[in-house]
Amino acid sequence: GASQDAATTRFYEVLVHEGTHAFMNRYLSNRPLARWVEEGLADYMAAQVVPNSRASRKHGEGARLALREPQSAARLFDKTDLTPDDYGLAQSAVRFLIEIDAKAFIAFVVAMKQGANDRRALAEAFGFSREKLARDWIQSCRWRAARSAF
């Protein structure tokens with residue numbers, strides 16, 4: 001029934017999310033990614049692979065939160081412990097970076113796996129700062145919200 005379908009969907013979502021963590025932990029090195037990238041990417045992958053999952057709605061929730069509370073978006077980058085809302089913010093930010101330039105996103109991840117922090121990796125891969133990322137991402141959220149594109 002419906003609850004069985006929901007449980008199966010949730011299982012697949014968690015499997016992809018945690019599988020992404022497992023893969024990224026071993027990709028190129030055992031150096032960690034910035035927490036917001038780690039969780040945002042894991043949720044992004046779950047949303048892509050399991051389109052009817054909760055993860056597939058979280059980026060829209062995160063984008064709406066970023067619009068309501070831009071300071072929560074800016075604070076995300078320094079957090080090591082994420083709240084449930086932060087997962088939506090992180091996925092929204094990761095999704096934004098991937099949509100800008102997927103190859104640059106890969107270079108961003110590779111730089112972190114080679115030892116760069118997220119600030120340096122962003123500068124190297126995308127040529128901008130966290131502050132510019134936050135501004136442009138929120139502007140993109142505003143544009144999407146105006147078109148009901150979440």
# chains A, B, ... in the order shown; residues from 1 in each chain; ligands from 1
call {"tool": "residues_around", "arguments": {"residues": "Arg75 in chain A", "least_positions_apart": "3", "cutoff": "12 Å", "atoms": "only C-alpha atoms", "output": "JSON, numbers by chain"}}
result
{"A": [36, 66, 69, 70, 71, 72, 78, 79, 80, 81, 82, 83, 86, 89, 90, 130, 131, 134]}
call {"tool": "residues_around", "arguments": {"residues": "Gly115 in chain A", "least_positions_apart": "6", "cutoff": "12 Å", "atoms": "only C-alpha atoms", "output": "compact mmCIF listing (two decimals) with C-alpha atoms, in the first residue's frame"}}
result
# COMPACT_ATOMS: atom_id res chain seq x y z
CA LEU A 28 40.67 10.70 -4.46
CA SER A 29 41.56 10.94 -0.75
CA ASN A 30 39.98 10.54 2.67
CA ARG A 31 39.99 14.33 3.19
CA PRO A 32 36.52 15.60 4.06
CA LEU A 33 34.50 18.07 2.05
CA ALA A 34 33.09 21.15 3.74
CA PHE A 108 35.63 22.46 -6.60
CA VAL A 109 35.21 19.00 -5.04
CA ALA A 121 38.29 25.69 -3.69
call {"tool": "atom_distance", "arguments": {"atom1": "CA of Arg64 in chain A", "atom2": "CA of Val94 in chain A"}}
result
15.0 Å
call {"tool": "closest_residue", "arguments": {"among": "A:Ala42, A:Arg35, A:Ser148, A:Asp5", "to": "His21 in chain A", "atoms": "only C-alpha atoms"}}
result
A:Ala42
call {"tool": "closest_residue", "arguments": {"among": "A:Ala93, A:Ala74, A:Glu38, A:Phe126", "to": "Gly62 in chain A", "atoms": "only C-alpha atoms"}}
result
A:Ala93
call {"tool": "closest_atom_pairs", "arguments": {"of": "range 4-88 of chain A", "to": "range 100-107 of chain A", "cutoff": "12 Å", "atoms": "only C-alpha atoms", "output": "JSON lines"}}
result
{"residue": "A:Met24", "atom": "CA", "partner": "A:Ile106", "partner_atom": "CA", "distance": 11.7}
{"residue": "A:Tyr27", "atom": "CA", "partner": "A:Ile106", "partner_atom": "CA", "distance": 11.6}
{"residue": "A:Leu28", "atom": "CA", "partner": "A:Ile106", "partner_atom": "CA", "distance": 11.9}
{"residue": "A:Val37", "atom": "CA", "partner": "A:Phe105", "partner_atom": "CA", "distance": 10.3}
{"residue": "A:Leu41", "atom": "CA", "partner": "A:Phe105", "partner_atom": "CA", "distance": 10.4}
call {"tool": "closest_residue", "arguments": {"among": "A:Val50, A:Leu67, A:Ala116, A:Leu97", "to": "Ala6 in chain A", "atoms": "only C-alpha atoms"}}
result
A:Val50
call {"tool": "closest_residue", "arguments": {"among": "A:Trp143, A:Met45, A:Ser92, A:Pro84", "to": "His59 in chain A", "atoms": "only C-alpha atoms"}}
result
A:Ser92
call {"tool": "residues_around", "arguments": {"residues": "range 54-58 of chain A", "least_positions_apart": "2", "cutoff": "8 Å", "atoms": "only C-alpha atoms", "output": "VMD selection string"}}
result
chain A and resid 10 13 43 to 44 46 to 48 50 to 52 60 to 62 87 to 89 91 to 92
call {"tool": "write_last_selection", "arguments": {"atoms": "N, CA and C atoms", "output": "PDB file, in the first residue's frame"}}
result
ATOM      1  N   ARG A  10      11.682   6.067   0.962  1.00  0.00           N
ATOM      2  CA  ARG A  10      12.575   6.568   2.007  1.00  0.00           C
ATOM      3  C   ARG A  10      13.849   5.724   2.071  1.00  0.00           C
ATOM      4  N   GLU A  13      16.042   6.680  -0.817  1.00  0.00           N
ATOM      5  CA  GLU A  13      16.600   8.014  -0.580  1.00  0.00           C
ATOM      6  C   GLU A  13      17.786   7.940   0.390  1.00  0.00           C
ATOM      7  N   ASP A  43      22.306  14.983  -0.542  1.00  0.00           N
ATOM      8  CA  ASP A  43      20.875  15.220  -0.752  1.00  0.00           C
ATOM      9  C   ASP A  43      20.554  15.464  -2.222  1.00  0.00           C
ATOM     10  N   TYR A  44      21.432  16.174  -2.922  1.00  0.00           N
ATOM     11  CA  TYR A  44      21.243  16.415  -4.362  1.00  0.00           C
ATOM     12  C   TYR A  44      21.203  15.079  -5.108  1.00  0.00           C
ATOM     13  N   ALA A  46      20.450  12.111  -3.896  1.00  0.00           N
ATOM     14  CA  ALA A  46      19.206  11.409  -3.541  1.00  0.00           C
ATOM     15  C   ALA A  46      18.030  11.990  -4.318  1.00  0.00           C
ATOM     16  N   ALA A  47      17.985  13.301  -4.461  1.00  0.00           N
ATOM     17  CA  ALA A  47      16.899  13.950  -5.203  1.00  0.00           C
ATOM     18  C   ALA A  47      16.939  13.557  -6.685  1.00  0.00           C
ATOM     19  N   GLN A  48      18.137  13.421  -7.242  1.00  0.00           N
ATOM     20  CA  GLN A  48      18.270  13.061  -8.650  1.00  0.00           C
ATOM     21  C   GLN A  48      17.881  11.607  -8.911  1.00  0.00           C
ATOM     22  N   VAL A  50      16.158   9.506  -6.771  1.00  0.00           N
ATOM     23  CA  VAL A  50      14.838   9.135  -6.228  1.00  0.00           C
ATOM     24  C   VAL A  50      13.947  10.384  -6.326  1.00  0.00           C
ATOM     25  N   PRO A  51      13.423  10.669  -7.530  1.00  0.00           N
ATOM     26  CA  PRO A  51      12.761  11.955  -7.762  1.00  0.00           C
ATOM     27  C   PRO A  51      11.509  12.216  -6.921  1.00  0.00           C
ATOM     28  N   ASN A  52      10.846  11.200  -6.428  1.00  0.00           N
ATOM     29  CA  ASN A  52       9.643  11.432  -5.605  1.00  0.00           C
ATOM     30  C   ASN A  52       9.945  11.371  -4.115  1.00  0.00           C
ATOM     31  N   GLY A  60      13.865  23.159  -2.734  1.00  0.00           N
ATOM     32  CA  GLY A  60      12.885  24.244  -2.822  1.00  0.00           C
ATOM     33  C   GLY A  60      12.610  24.848  -1.456  1.00  0.00           C
ATOM     34  N   GLU A  61      12.497  23.991  -0.447  1.00  0.00           N
ATOM     35  CA  GLU A  61      12.305  24.477   0.920  1.00  0.00           C
ATOM     36  C   GLU A  61      13.514  25.305   1.354  1.00  0.00           C
ATOM     37  N   GLY A  62      14.711  24.828   1.009  1.00  0.00           N
ATOM     38  CA  GLY A  62      15.934  25.550   1.351  1.00  0.00           C
ATOM     39  C   GLY A  62      16.010  26.890   0.643  1.00  0.00           C
ATOM     40  N   TYR A  87      19.889  21.224   5.633  1.00  0.00           N
ATOM     41  CA  TYR A  87      20.055  20.265   4.540  1.00  0.00           C
ATOM     42  C   TYR A  87      19.417  20.803   3.258  1.00  0.00           C
ATOM     43  N   GLY A  88      18.264  21.426   3.379  1.00  0.00           N
ATOM     44  CA  GLY A  88      17.631  22.037   2.212  1.00  0.00           C
ATOM     45  C   GLY A  88      18.441  23.195   1.678  1.00  0.00           C
ATOM     46  N   LEU A  89      18.977  24.018   2.583  1.00  0.00           N
ATOM     47  CA  LEU A  89      19.849  25.117   2.165  1.00  0.00           C
ATOM     48  C   LEU A  89      21.080  24.574   1.442  1.00  0.00           C
ATOM     49  N   GLN A  91      21.538  21.681  -0.072  1.00  0.00           N
ATOM     50  CA  GLN A  91      21.213  21.107  -1.376  1.00  0.00           C
ATOM     51  C   GLN A  91      20.937  22.216  -2.391  1.00  0.00           C
ATOM     52  N   SER A  92      20.241  23.256  -1.969  1.00  0.00           N
ATOM     53  CA  SER A  92      19.955  24.370  -2.861  1.00  0.00           C
ATOM     54  C   SER A  92      21.240  25.042  -3.340  1.00  0.00           C
TER      55      SER A  92
END
call {"tool": "residues_around", "arguments": {"residues": "Tyr12 in chain A", "least_positions_apart": "2", "cutoff": "9 Å", "atoms": "only C-alpha atoms", "output": "count of residues only"}}
result
12
call {"tool": "closest_residue", "arguments": {"among": "A:Trp137, A:Phe128, A:Phe23, A:Phe96", "to": "Gly40 in chain A", "atoms": "only C-alpha atoms"}}
result
A:Phe96
call {"tool": "atom_distance", "arguments": {"atom1": "CA of Arg144 in chain A", "atom2": "CA of Ala73 in chain A"}}
result
16.3 Å
call {"tool": "closest_residue", "arguments": {"among": "A:Arg120, A:Phe77, A:Gln114, A:Arg68", "to": "Arg142 in chain A", "atoms": "only C-alpha atoms"}}
result
A:Arg68
call {"tool": "select_by_dssp", "arguments": {"residues": "chain A", "states": "alpha helix (DSSP H)", "output": "VMD selection string"}}
result
chain A and resid 2 to 26 35 to 49 55 to 68 70 to 76 84 to 100 102 to 113 118 to 126 130 to 146
call {"tool": "atom_distance", "arguments": {"atom1": "CA of Asp85 in chain A", "atom2": "CA of Thr20 in chain A"}}
result
19.8 Å
